[in-house]
Every structure is written in C-alpha cells, then in structure tokens.
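Chemist: Contents of target_17.cif (mmCIF, C-alpha atoms) are below:
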```
data_coords
#
loop_
_atom_site.label_atom_id
_atom_site.label_comp_id
_atom_site.auth_asym_id
_atom_site.auth_seq_id
_atom_site.Cartn_x
_atom_site.Cartn_y
_atom_site.Cartn_z
CA MET A 61 -5.09 -33.96 -33.76
CA ALA A 62 -6.09 -34.75 -30.18
CA GLU A 63 -3.14 -36.87 -29.11
CA ARG A 64 0.32 -35.45 -29.83
CA ASN A 65 3.61 -37.30 -30.07
CA SER A 66 5.15 -37.59 -26.60
CA TRP A 67 8.58 -36.27 -25.70
CA ALA A 68 10.68 -38.11 -26.65
CA VAL A 69 9.67 -41.07 -28.84
CA SER A 70 12.15 -42.93 -31.04
CA ASP A 71 11.46 -44.30 -34.51
CA SER A 72 14.62 -45.30 -36.29
CA PRO A 73 16.26 -43.51 -37.91
CA ASN A 74 14.56 -40.09 -37.54
CA GLY A 75 12.09 -40.30 -34.65
CA VAL A 76 8.52 -38.98 -34.69
CA ILE A 77 8.81 -35.61 -32.93
CA THR A 78 7.58 -32.66 -34.99
CA THR A 79 8.50 -29.03 -34.29
CA GLU A 80 5.05 -28.50 -32.77
CA ASP A 81 5.52 -31.57 -30.56
CA ALA A 82 8.83 -30.10 -29.40
CA ARG A 83 7.28 -26.71 -28.63
CA LEU A 84 4.44 -28.37 -26.71
CA ALA A 85 6.93 -30.35 -24.65
CA LEU A 86 8.70 -27.12 -23.70
CA SER A 87 5.38 -25.46 -22.86
CA ALA A 88 4.71 -28.15 -20.26
CA ALA A 89 7.50 -26.73 -18.14
CA LEU A 90 6.32 -23.11 -18.37
CA GLN A 91 3.78 -21.04 -16.51
CA SER A 92 0.22 -21.79 -17.65
CA GLY A 93 -1.43 -19.80 -20.42
CA PRO A 94 -5.00 -19.46 -21.72
CA GLY A 95 -5.53 -23.19 -22.25
CA PRO A 96 -4.65 -26.53 -20.64
CA VAL A 97 -1.71 -27.18 -23.00
CA LEU A 98 -0.70 -23.55 -23.63
CA SER A 99 1.93 -21.50 -21.80
CA ARG A 100 1.96 -17.81 -21.01
CA ASN A 101 3.53 -15.31 -23.38
CA GLY A 102 6.22 -13.11 -21.91
CA ILE A 103 9.81 -12.37 -20.97
CA ARG A 104 11.95 -14.55 -18.71
CA PRO A 105 12.89 -12.61 -15.55
CA THR A 106 16.58 -11.85 -15.13
CA ALA A 107 18.88 -9.15 -13.77
CA GLY A 108 18.78 -5.74 -15.40
CA ASN A 109 15.80 -4.61 -17.45
CA PRO A 110 15.30 -7.23 -20.16
CA GLY A 111 13.54 -6.06 -23.33
CA LEU A 112 13.45 -2.40 -22.33
CA VAL A 113 13.28 0.05 -25.24
CA ALA A 114 15.01 3.33 -24.35
CA ALA A 115 16.07 6.58 -25.99
CA ALA A 116 19.74 7.20 -26.70
CA SER A 117 21.60 8.47 -23.63
CA PRO A 118 22.92 10.87 -22.51
CA THR A 119 22.13 12.76 -25.75
CA PRO A 120 18.94 11.65 -27.54
CA ASP A 121 19.07 11.19 -31.31
CA GLY A 122 16.99 9.27 -33.81
CA THR A 123 17.82 5.87 -32.31
CA VAL A 124 16.52 3.62 -29.57
CA THR A 125 18.17 0.69 -27.83
CA VAL A 126 16.63 -2.65 -26.89
CA GLN A 127 18.07 -4.48 -23.88
CA PRO A 128 18.89 -8.22 -24.24
CA PHE A 129 16.12 -10.62 -23.29
CA GLN A 130 14.78 -14.13 -23.65
CA MET A 131 11.12 -14.50 -24.53
CA PHE A 132 8.47 -17.20 -24.83
CA MET A 133 5.88 -16.66 -27.58
CA ARG A 134 3.02 -18.98 -28.44
CA ALA A 135 2.58 -19.80 -32.11
CA SER A 136 -0.67 -18.06 -33.05
CA ARG A 137 -0.98 -20.26 -36.16
CA GLY A 138 -0.07 -23.48 -34.38
CA VAL A 139 0.61 -24.76 -30.88
CA GLY A 140 3.48 -24.58 -28.41
CA SER A 141 5.86 -21.76 -27.56
CA TYR A 142 8.88 -20.46 -29.45
CA VAL A 143 11.96 -19.63 -27.36
CA GLN A 144 13.43 -16.37 -28.66
CA THR A 145 16.67 -14.70 -27.64
CA LEU A 146 18.23 -11.28 -28.12
CA ASP A 147 21.69 -11.81 -26.62
CA ALA A 148 23.12 -8.28 -26.98
CA VAL A 149 21.89 -4.68 -26.92
CA LYS A 150 20.30 -3.81 -30.26
CA THR A 151 20.16 -0.29 -31.67
CA LEU A 152 17.36 0.71 -34.05
CA ASP A 153 17.51 3.97 -36.01
CA LEU A 154 13.89 5.00 -36.31
CA LEU A 155 14.46 8.11 -38.43
CA LYS A 156 17.34 7.29 -40.81
CA ASP A 157 15.27 5.46 -43.42
CA ASN A 158 11.92 6.75 -42.21
CA PRO A 159 12.30 10.44 -41.30
CA ALA A 160 9.46 12.22 -39.53
CA HIS A 161 6.77 13.70 -41.76
CA SER A 162 6.95 17.47 -42.09
CA SER A 163 3.40 18.17 -40.92
CA ASN A 164 1.90 14.97 -39.47
CA GLY A 165 2.95 12.70 -36.66
CA ARG A 166 2.98 8.92 -36.73
CA ILE A 167 3.09 5.98 -34.33
CA ASP A 168 5.76 3.28 -34.68
CA LEU A 169 5.94 -0.05 -32.88
CA ILE A 170 9.02 -1.91 -31.70
CA VAL A 171 8.16 -5.60 -31.89
CA ALA A 172 9.67 -9.04 -31.40
CA GLN A 173 8.56 -10.99 -34.47
CA GLN A 174 8.76 -14.68 -35.37
CA THR A 175 8.46 -16.07 -38.91
CA ASP A 176 7.97 -19.74 -39.73
CA LYS A 177 7.91 -21.30 -43.21
CA PHE A 178 5.72 -24.12 -41.87
CA TYR A 179 2.88 -21.58 -41.68
CA GLY A 180 3.54 -20.01 -45.06
CA ASP A 181 6.12 -17.32 -44.23
CA THR A 182 9.02 -16.73 -46.62
CA SER A 183 11.65 -17.31 -43.93
CA ASN A 184 12.33 -18.84 -40.53
CA GLY A 185 13.62 -16.25 -38.13
CA PHE A 186 13.32 -14.12 -35.02
CA VAL A 187 13.89 -10.39 -35.28
CA VAL A 188 13.43 -7.28 -33.14
CA LYS A 189 12.35 -4.55 -35.53
CA GLN A 190 10.59 -1.26 -36.12
CA ILE A 191 7.10 -1.28 -37.62
CA VAL A 192 6.54 2.14 -39.20
CA GLY A 193 3.14 3.78 -38.89
CA GLU A 194 1.34 6.05 -41.34
CA PRO A 195 1.68 9.83 -40.81
CA SER A 196 -1.70 11.39 -40.03
CA SER A 197 -3.33 14.23 -38.15
CA THR A 198 -4.81 11.43 -35.99
CA PRO A 199 -2.21 8.67 -36.29
CA GLY A 200 -2.99 5.08 -35.37
CA GLU A 201 -0.84 2.07 -34.62
CA PRO A 202 0.38 -0.11 -37.49
CA THR A 203 -0.55 -3.81 -37.55
CA PRO A 204 2.35 -6.25 -37.91
CA GLY A 205 1.82 -9.63 -39.55
CA GLY A 206 2.53 -13.15 -38.30
CA ASP A 207 3.54 -13.94 -34.72
CA TYR A 208 4.76 -10.94 -32.74
CA MET A 209 4.67 -9.19 -29.39
CA GLN A 210 5.03 -5.47 -28.79
CA LEU A 211 8.00 -4.16 -26.83
CA ALA A 212 7.28 -0.44 -27.15
CA ARG A 213 5.06 2.16 -28.78
CA VAL A 214 6.91 5.23 -30.07
CA ARG A 215 5.32 8.55 -31.02
CA VAL A 216 7.14 10.29 -33.87
CA PRO A 217 6.02 13.96 -33.92
CA ALA A 218 5.99 15.92 -37.14
CA GLY A 219 9.43 17.20 -38.10
CA THR A 220 11.24 15.65 -35.13
CA ARG A 221 14.92 14.72 -35.41
CA THR A 222 15.23 13.04 -31.99
CA ILE A 223 13.44 10.31 -30.09
CA THR A 224 13.24 11.27 -26.43
CA THR A 225 12.17 9.25 -23.41
CA ASP A 226 8.73 10.88 -23.20
CA LEU A 227 7.90 9.61 -26.71
CA ILE A 228 8.40 5.94 -25.75
CA GLU A 229 5.67 3.88 -24.06
CA ASP A 230 6.71 0.56 -22.56
CA ARG A 231 4.59 -2.24 -24.04
CA ARG A 232 6.60 -5.26 -22.92
CA PRO A 233 4.60 -8.35 -22.00
CA GLY A 234 4.68 -9.66 -18.43
CA TRP A 235 7.17 -12.07 -16.94
CA VAL A 236 7.07 -15.83 -17.50
CA VAL A 237 8.51 -18.34 -15.03
CA GLY A 238 8.67 -22.10 -14.82
CA LEU A 239 5.46 -23.89 -13.86
CA GLY A 240 4.93 -23.48 -10.12
CA GLY A 241 7.42 -20.61 -9.85
CA ILE A 242 6.71 -17.25 -8.25
CA MET A 243 5.92 -14.82 -11.06
CA PRO A 244 6.99 -11.18 -10.67
CA SER A 245 4.31 -8.66 -11.66
CA ARG A 246 4.92 -4.93 -12.00
CA GLY A 247 1.45 -3.95 -10.79
CA VAL A 248 -2.17 -4.96 -10.36
CA GLY A 249 -2.88 -4.70 -14.11
CA GLU A 250 -0.11 -7.12 -14.99
CA ARG A 251 -1.21 -9.44 -12.19
CA ASP A 252 -4.80 -9.48 -13.47
CA ALA A 253 -3.63 -10.30 -17.00
CA VAL A 254 -2.27 -13.64 -15.78
CA HIS A 255 -4.16 -16.82 -16.66
CA SER A 256 -4.52 -17.75 -13.02
CA TYR A 257 -5.04 -21.14 -11.45
CA ASN A 258 -5.54 -22.27 -7.87
CA GLY A 259 -2.16 -21.89 -6.18
CA ILE A 260 -0.35 -19.57 -8.59
CA THR A 261 1.78 -17.07 -6.69
CA THR A 262 2.99 -13.65 -7.79
CA TYR A 263 5.43 -11.20 -6.24
CA ARG A 264 3.96 -7.69 -6.52
CA GLN A 265 7.03 -5.61 -7.37
CA ASP A 266 5.13 -2.37 -6.84
CA LYS A 267 4.03 -3.33 -3.31
CA ARG A 268 6.78 -5.78 -2.23
CA TRP A 269 4.50 -8.59 -1.13
CA LEU A 270 3.27 -12.00 -2.30
CA GLU A 271 -0.24 -12.73 -3.57
CA ILE A 272 -1.74 -16.20 -4.09
CA ASN A 273 -4.74 -17.01 -6.23
CA ASP A 274 -7.16 -19.46 -4.61
CA GLY A 275 -8.97 -20.24 -7.85
CA GLU A 276 -11.33 -17.30 -7.39
CA LYS A 277 -9.44 -14.21 -6.22
CA TRP A 278 -5.94 -12.95 -5.50
CA ARG A 279 -5.28 -13.13 -1.76
CA VAL A 280 -2.50 -11.60 0.33
CA PRO A 281 -1.52 -14.32 2.83
CA SER A 282 1.05 -12.39 4.85
CA MET A 283 0.75 -9.09 6.72
CA PRO A 284 1.53 -6.51 4.02
CA VAL A 285 2.72 -2.99 4.76
CA CYS A 286 0.80 -0.04 3.26
CA THR A 287 1.39 3.68 3.53
CA SER A 288 -2.15 4.67 4.53
CA LEU A 289 -5.69 3.36 4.93
CA ALA A 290 -6.43 4.62 1.41
CA ASP A 291 -3.48 2.55 0.16
CA VAL A 292 -4.86 -0.47 2.03
CA ARG A 293 -8.27 -0.10 0.38
CA ALA A 294 -6.77 0.31 -3.08
CA MET A 295 -4.12 -2.40 -2.97
CA ILE A 296 -5.70 -5.29 -1.05
CA THR A 297 -8.36 -5.96 -3.67
CA ASP A 298 -9.96 -9.14 -2.29
CA PRO A 299 -9.16 -9.59 1.42
CA LEU A 300 -10.36 -12.59 3.35
CA PRO A 301 -12.13 -12.04 6.70
CA GLY A 302 -9.43 -11.74 9.34
CA GLN A 303 -6.79 -10.38 6.93
CA LEU A 304 -4.30 -8.13 8.75
CA VAL A 305 -2.37 -5.22 7.25
CA PHE A 306 -0.01 -2.67 8.80
CA SER A 307 -0.25 1.05 7.96
CA THR A 308 2.90 3.14 8.31
CA GLN A 309 0.79 6.31 8.33
CA ASP A 310 -0.69 5.74 11.78
CA ASN A 311 1.21 2.65 13.04
CA LEU A 312 -2.02 0.66 13.22
CA VAL A 313 -2.69 -2.96 12.37
CA TYR A 314 -6.00 -3.10 10.49
CA ARG A 315 -8.27 -6.16 10.27
CA TRP A 316 -10.78 -6.92 7.51
CA ASN A 317 -14.12 -7.82 9.17
CA GLY A 318 -15.78 -8.90 5.93
CA ALA A 319 -17.10 -5.42 5.14
CA ASP A 320 -14.43 -2.87 6.02
CA TRP A 321 -10.95 -2.38 7.45
CA ILE A 322 -11.07 -1.92 11.23
CA GLY A 323 -8.16 -0.49 13.23
CA SER A 324 -7.37 -3.27 15.68
CA VAL A 325 -3.92 -2.96 17.26
CA ALA A 326 -1.89 0.17 18.00
CA THR A 327 1.88 -0.12 17.82
CA GLY A 328 4.59 2.03 19.37
CA GLY A 329 5.54 5.13 17.46
CA GLY A 330 8.87 6.03 19.02
CA ALA A 331 12.28 4.40 19.28
CA VAL A 332 13.49 3.22 22.69
CA GLY A 333 14.72 6.16 24.75
CA THR A 334 13.15 8.81 22.49
CA THR A 335 10.08 10.97 22.93
CA PRO A 336 7.05 8.97 21.74
CA THR A 337 5.63 10.16 18.44
CA ALA A 338 2.03 11.11 17.76
CA THR A 339 1.33 7.81 16.04
CA ARG A 340 1.36 5.83 19.29
CA HIS A 341 -2.40 6.53 19.74
CA GLU A 342 -1.87 8.01 23.17
CA ALA A 343 -2.08 11.64 24.20
CA ARG A 344 -0.98 13.13 27.51
CA TYR A 345 -1.54 16.66 28.79
CA GLU A 346 -0.25 18.12 32.06
CA VAL A 347 -0.53 21.28 34.15
CA ARG A 348 3.19 21.85 34.79
CA GLY A 349 3.03 25.02 36.87
CA ASN A 350 0.11 26.66 35.08
CA VAL A 351 -2.08 27.70 38.00
CA GLN A 352 -5.85 27.29 37.81
CA THR A 353 -7.96 28.47 40.74
CA PHE A 354 -11.21 26.61 41.45
CA PRO A 355 -14.31 28.31 42.91
CA ALA A 356 -16.14 26.72 45.84
CA GLN A 357 -18.94 24.22 45.19
CA ALA A 358 -18.87 24.41 41.36
CA ASN A 359 -18.13 21.76 38.75
CA THR A 360 -15.20 23.31 36.90
CA ARG A 361 -13.50 21.87 33.82
CA SER A 362 -9.81 21.47 34.49
CA ARG A 363 -7.30 22.86 32.02
CA PHE A 364 -4.18 20.92 30.98
CA PRO A 365 -2.13 23.45 28.99
CA THR A 366 1.08 21.43 28.42
CA MET A 367 1.03 18.68 25.78
CA VAL A 368 3.59 16.03 26.65
CA TYR A 369 2.81 14.01 23.53
CA GLY A 370 -0.12 14.27 21.19
CA SER A 371 -1.94 12.01 18.78
CA PRO A 372 -4.03 12.51 15.66
CA ASP A 373 -6.66 10.52 17.53
CA VAL A 374 -7.18 13.41 19.99
CA THR A 375 -7.84 17.11 19.45
CA THR A 376 -8.33 19.70 22.17
CA SER A 377 -10.36 22.83 22.73
CA ALA A 378 -8.63 26.20 22.78
CA SER A 379 -8.22 26.08 26.56
CA ASN A 380 -7.31 22.37 26.67
CA ASP A 381 -10.26 21.47 28.88
CA VAL A 382 -12.37 19.52 26.35
CA PHE A 383 -10.83 16.58 24.44
CA THR A 384 -12.35 15.16 21.25
CA LEU A 385 -11.74 11.48 20.50
CA ASN A 386 -11.37 11.16 16.73
CA ARG A 387 -11.20 7.37 16.53
CA ALA A 388 -14.01 5.04 17.56
CA GLY A 389 -13.09 2.21 19.88
CA ILE A 390 -12.21 1.33 23.44
CA TRP A 391 -10.31 4.08 25.24
CA ALA A 392 -8.42 4.11 28.56
CA ILE A 393 -8.55 7.55 30.21
CA THR A 394 -6.80 8.49 33.44
CA ALA A 395 -6.62 11.78 35.34
CA SER A 396 -4.84 12.89 38.53
CA PHE A 397 -4.73 16.03 40.69
CA ARG A 398 -2.63 17.41 43.52
CA THR A 399 -3.92 20.68 44.99
CA THR A 400 -2.59 23.05 47.59
CA ALA A 401 -3.80 22.82 51.21
CA PRO A 402 -5.88 25.76 52.50
CA LEU A 403 -4.21 25.58 55.97
CA GLY A 404 -5.94 26.31 59.27
CA SER A 405 -8.04 23.97 61.41
CA GLY A 406 -10.83 21.65 60.30
CA ASP A 407 -11.22 19.80 57.00
CA TYR A 408 -12.41 20.23 53.43
CA HIS A 409 -13.77 18.07 50.63
CA THR A 410 -12.64 17.59 47.03
CA TYR A 411 -14.27 15.79 44.12
CA MET A 412 -13.09 14.97 40.61
CA ALA A 413 -14.64 13.10 37.68
CA ILE A 414 -14.02 12.16 34.06
CA THR A 415 -17.13 13.38 32.26
CA ASP A 416 -18.67 14.00 28.89
CA GLY A 417 -17.19 17.15 27.35
CA ALA A 418 -20.52 18.88 26.74
CA ASN A 419 -22.59 17.51 29.63
CA VAL A 420 -20.53 17.17 32.79
CA ASP A 421 -23.40 15.35 34.50
CA ILE A 422 -22.51 12.32 32.34
CA ARG A 423 -19.70 10.90 34.45
CA TYR A 424 -17.59 7.91 33.44
CA ALA A 425 -15.46 7.80 36.63
CA ASN A 426 -15.27 9.88 39.82
CA THR A 427 -13.74 10.02 43.27
CA MET A 428 -14.32 12.16 46.38
CA SER A 429 -12.00 12.70 49.35
CA ARG A 430 -11.97 14.48 52.73
CA TRP A 431 -8.79 16.21 53.80
CA LEU A 432 -7.45 18.14 56.80
CA LEU A 433 -6.88 21.80 55.97
CA THR A 434 -3.17 21.18 56.43
CA SER A 435 -3.13 18.37 53.82
CA PRO A 436 -2.84 18.90 50.05
CA GLY A 437 -5.48 16.94 48.16
CA THR A 438 -4.15 14.15 45.91
CA MET A 439 -6.61 12.07 43.92
CA SER A 440 -7.05 10.21 40.66
CA CYS A 441 -9.63 8.29 38.66
CA ALA A 442 -9.72 6.21 35.49
CA THR A 443 -12.16 4.71 33.04
CA THR A 444 -12.05 2.21 30.19
CA ASN A 445 -14.99 2.72 27.89
CA PHE A 446 -16.17 2.54 24.29
CA PHE A 447 -16.50 5.90 22.57
CA ASN A 448 -17.75 6.74 19.11
CA ALA A 449 -15.59 8.94 16.91
CA GLY A 450 -16.29 12.56 17.79
CA ALA A 451 -17.07 11.92 21.45
CA THR A 452 -15.74 14.51 23.91
CA VAL A 453 -14.47 14.19 27.47
CA SER A 454 -13.47 16.59 30.23
CA VAL A 455 -12.06 16.34 33.74
CA ILE A 456 -14.04 18.30 36.33
CA PHE A 457 -12.92 19.36 39.81
CA TRP A 458 -15.08 20.44 42.77
CA THR A 459 -14.14 21.74 46.21
CA ASP A 460 -16.09 23.10 49.16
CA ASN A 461 -13.18 25.41 50.02
CA ALA A 462 -12.68 28.24 47.56
CA GLY A 463 -9.26 29.04 46.17
CA ARG A 464 -7.96 25.53 45.59
CA VAL A 465 -5.23 25.58 42.96
CA HIS A 466 -3.07 22.99 41.22
CA ASP A 467 0.11 22.24 43.08
CA ALA A 468 2.77 23.59 40.69
CA GLY A 469 5.54 21.74 42.48
CA TRP A 470 4.46 18.34 41.15
CA ALA A 471 5.26 18.65 37.46
CA ASN A 472 3.80 15.41 36.10
CA VAL A 473 1.08 14.60 38.65
CA ASN A 474 -1.70 16.88 37.40
CA HIS A 475 -2.50 15.23 34.08
CA VAL A 476 -5.00 13.62 31.78
CA SER A 477 -3.94 10.69 29.60
CA LEU A 478 -6.10 9.38 26.72
CA THR A 479 -5.09 6.08 25.08
CA TRP A 480 -6.91 4.33 22.21
CA LEU A 481 -6.69 0.58 22.84
CA ARG A 482 -8.55 -1.13 20.01
CA ALA A 483 -11.68 -1.05 17.84
#
```
Take the structure in this file and express it as structure tokens.

Modeler:
Amino acid sequence: MAERNSWAVSDSPNGVITTEDARLALSAALQSGPGPVLSRNGIRPTAGNPGLVAAASPTPDGTVTVQPFQMFMRASRGVGSYVQTLDAVKTLDLLKDNPAHSSNGRIDLIVAQQTDKFYGDTSNGFVVKQIVGEPSSTPGEPTPGGDYMQLARVRVPAGTRTITTDLIEDRRPGWVVGLGGIMPSRGVGERDAVHSYNGITTYRQDKRWLEINDGEKWRVPSMPVCTSLADVRAMITDPLPGQLVFSTQDNLVYRWNGADWIGSVATGGGAVGTTPTATRHEARYEVRGNVQTFPAQANTRSRFPTMVYGSPDVTTSASNDVFTLNRAGIWAITASFRTTAPLGSGDYHTYMAITDGANVDIRYANTMSRWLLTSPGTMSCATTNFFNAGATVSVIFWTDNAGRVHDAGWANVNHVSLTWLRA
C-alpha cells in the first residue's frame, strides 16, 4: 500500500496499527537508510564494545563470546526496523557439537537473526547464533536464511581444538543513531557505506574529526590534524578550496588550492624557553670562533660551520658555504659579518652579498663599506625572495685588504639565517 496507518490511530476497541506500521513509526526516528521511509541497519552506539565477537580469554578454547548490544534491523521481507537486544554476554561453543574436520577447514558465521511468523517462519524470535559452514579444501561462507546480519566470520582450521583471536574477523555492521545525530564511523569504508544525505555528520573514530556530507561529498569543516602530508592526501578525500589542515610531521598548516595541498603557514616547533626544533622552518648557522681568512679582491664564499638550529627545509654543503632550499616559497635570508681590523693608517673596503649558490654573480642583496684600518668591519644584508625547491644560496665576502678574518670574539654576529615564510 502507498499510505500506511499513522502512529497512533485509535479504532475502538483494538486500533488500526499493524506491526509493520509500528516498525515504520520507529524508523522515522532513526538515521536514514536506502530509501525515504527506511532506516539504516546497525548497532546502537554505547560504552564498551557492543556486539564484539571474541575468543575466550586468557586461555582460548572452542568458545567465543558476544558482547551485549542493541541493534536495528530492517525487515527484508517487509518494511520498518526490528529493535533487537542482547542484554548479557553470550557464549557460543563452536566446536562442541560441530568439531573441526580432520583434513578440511570450514568457515562459520556468527549472526544476529530475526524470525517472524508473519512472513512464513515457524517462530517469532531474535537469536545470536552460529551458522556452520561446509568443510572443504576451499571453504566458502554459509548462507543463513531469513533476516540476519553478520557479527563475525570465523575460520575453523582442520583438526583445531581452539578458536583464537586471529581466526575471528569482525563483521559487525556500522553504528546507527537517531535522525540528525552524529554517527560514529570506524573508518573511511564504514563512512562511505552510509546512505548519506545533505547535512549528515559523522565522527571519524580513526582520525578524531568530524565530516559533513553536503549532498555530494564528505567534507571536513574544521582544521583536522594529520601526521604527514601523505596522511593528509589519503584522509581528506574531497577537500573544498581553502580547506586547512595541520601536519604534525613538519608543523605546517596546509591549504587546498583546488588542485593540491600547499604549505601555507609555519608554526613554532619548540616549547617556550627550549631550543627550537627543526620543524620551525628556520635554520641558523654561525661562525663561533672558526677562523676563515679572506684573500684580497676575490669573491669568497663564507663558511658557517656551527649549526645553531637546523630545518629539513635546508641542507648544506660539506663546508657549510652553500645552502640548498628544499621547500618552494618565499624565504627571508639574513647574513652578518664582523671582521678584524688590519691596523695601521689609511682605510680599506669590504663587500658582502647574498648570492646564488652556484653563480655568485646572481646577487639578491649586497652592501659595501669603507673602514679605517683601526676599525673592525661590521656589516649585514637581507633579502626576502621567492625560491623554487632546490635553489641554492651563498654568502660572499670581498675585501681589498688581504688577511681579513672573522672576529671570533663575537659569537653570534657572524651568521646566516634562512627562514621559510609561506608558499
């Protein structure tokens, strides 16, 4: 029939509500299923591990236990959902009446089964039971009759006397909540099995974030936390342009630009008062007493042997005078020098520049100064520029007075600092 009896209609003395009408009325309060008047099959979420089938513990034997649960199951031969309850732990002995075959294995199922005389069954009842498979060299699953849902698949090897954890495969259906409720899902497969509608929300238990379906795709509305860029790509299946996600691997906030995830914001990698970690996207190298002598009138790459803090975004040459930028984006690079004074009368000139690592004639920033021979030269320069991944930079120094050396007395002055700012 098209129109069903409404809940609840009186007709003295017995009313007009059939069992199917009653089940349909209940279904209206449940999470949607595969049709406009059908609810989803599954287990009601609760504390513990409802419906779990497990081997005997601590010593396995031929039995399994089934944890208490409450389940909603659509009538496959009618309409509406049954409400089924197992209110205590149930133990099933899988081998007592059906011992393992001596030479062939079999596959058993643990099912929740509903019978209903209205549809021609011999009884009305709900039971959690073992369905025994046929022993075979290539065993297959048995096929229960009537209305049922699988809770577990159990392999029974030839000659076995115990059912161990590795023989049990969890086959429980997903969770079912009230209409409009937030549905837990154990993973992306369980999420995708949902009969989704515009606005349904699920809590991804495997990732610890919420996802909302907009009628087309599952979207992650908040800023989720992933363990790596690979995790981001795998877990955020349908990002919207502008979606943000935080990676704990490199402490970066990534943004989806419609085609790919772009590193956009670097966050601090060290606690207050501690040495910054490598994930802060900044590297600093200093001289710290390591003397380098510069020849007269020659562009010489400066060496910075002491790493104060490093970053996976920067790698150095063996002599720490060429720096490779491993992440594309806008970089801020600063460099400073203090050199010893030659002494005597007259003056001398010094020059420094931040250059390309391979071709020092490509100069991003430079400065030149004139000093009295009694004055140590102190100078610095900085650049903010876009670099492709793999670009190299160096700091060159030039003097017209041979023998200039770093001033070892100024520990943190002679330095180069390379900071990735954003994509």

Chemist: To one decimal place, how far is CA of Leu146 in chain A from CA of Val113 in chain A in Å?

Modeler: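 Between CA of Leu146 in chain A and CA of Val113 in chain A the gap works out to 12.7 Å.
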
Chemist: Rank nothing, just name the residue among A:Ser99, A:Gln265, A:Thr123, A:Thr410 nearest to Val143 in chain A, using all atoms listed in the file.

Modeler: A:Ser99

Chemist: Check what the PyMOL selection byres ((chain A and resi 234) around 6) selects in the file above and give those residues as a list in words.

Modeler: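 Selection result, ordered by chain and number: Gly102, Pro233 and Trp235 of chain A.
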
Chemist: Please provide as a JSON list (two decimals) with C-alpha atoms, keeping the file's coordinate frame all residues within 9 Å of Ser66 in chain A, with the sequence filter that same-chain residues fewer than 3 positions apart are discarded (counting only C-alpha atoms).

Modeler:
```
[["chain", "number", "residue", "atom", "x", "y", "z"],
["A", 63, "GLU", "CA", -3.14, -36.87, -29.11],
["A", 69, "VAL", "CA", 9.67, -41.07, -28.84],
["A", 76, "VAL", "CA", 8.52, -38.98, -34.69],
["A", 77, "ILE", "CA", 8.81, -35.61, -32.93],
["A", 81, "ASP", "CA", 5.52, -31.57, -30.56],
["A", 82, "ALA", "CA", 8.83, -30.10, -29.40],
["A", 85, "ALA", "CA", 6.93, -30.35, -24.65]]
```

Chemist: Mind telling me what the PyMOL selection byres ((chain A and resi 251-256) around 8) catches here, as a ChimeraX atom specification?

Modeler: /A:92-94,100,245-250,257-258,260,262,264,273,275

Chemist: Can you write just those residues out, C-alpha atoms, as a PDB file, in the coordinates of the input?

Modeler:
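That gives us selection.pdb:
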```pdb
ATOM      1  CA  SER A  92       0.220 -21.790 -17.650  1.00  0.00           C
ATOM      2  CA  GLY A  93      -1.430 -19.800 -20.420  1.00  0.00           C
ATOM      3  CA  PRO A  94      -5.000 -19.460 -21.720  1.00  0.00           C
ATOM      4  CA  ARG A 100       1.960 -17.810 -21.010  1.00  0.00           C
ATOM      5  CA  SER A 245       4.310  -8.660 -11.660  1.00  0.00           C
ATOM      6  CA  ARG A 246       4.920  -4.930 -12.000  1.00  0.00           C
ATOM      7  CA  GLY A 247       1.450  -3.950 -10.790  1.00  0.00           C
ATOM      8  CA  VAL A 248      -2.170  -4.960 -10.360  1.00  0.00           C
ATOM      9  CA  GLY A 249      -2.880  -4.700 -14.110  1.00  0.00           C
ATOM     10  CA  GLU A 250      -0.110  -7.120 -14.990  1.00  0.00           C
ATOM     11  CA  TYR A 257      -5.040 -21.140 -11.450  1.00  0.00           C
ATOM     12  CA  ASN A 258      -5.540 -22.270  -7.870  1.00  0.00           C
ATOM     13  CA  ILE A 260      -0.350 -19.570  -8.590  1.00  0.00           C
ATOM     14  CA  THR A 262       2.990 -13.650  -7.790  1.00  0.00           C
ATOM     15  CA  ARG A 264       3.960  -7.690  -6.520  1.00  0.00           C
ATOM     16  CA  ASN A 273      -4.740 -17.010  -6.230  1.00  0.00           C
ATOM     17  CA  GLY A 275      -8.970 -20.240  -7.850  1.00  0.00           C
TER      18      GLY A 275
END
```

Chemist: With only C-alpha atoms as the counted atoms, please give the residues lying no more than 7 Å from Asp121 in chain A, apart from itself and same-chain residues fewer than 3 positions off, as a VMD selection string.

Modeler: chain A and resid 116 221 to 223

Chemist: Just give me the gap between CA of Leu300 in chain A and CA of Trp269 in chain A in Å, one decimal is fine.

Modeler: 16.0 Å

Chemist: Any chance you could work out the residue set of the PyMOL selection byres ((chain A and resi 174) around 9) here, as a ChimeraX atom specification?

Modeler: /A:133,135,142,144,172-173,175-176,184-187,206-208

Chemist: In Å to one decimal, how far is CA of Arg361 in chain A from CA of Phe447 in chain A?

Modeler: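 Those two atoms sit 19.8 Å apart.
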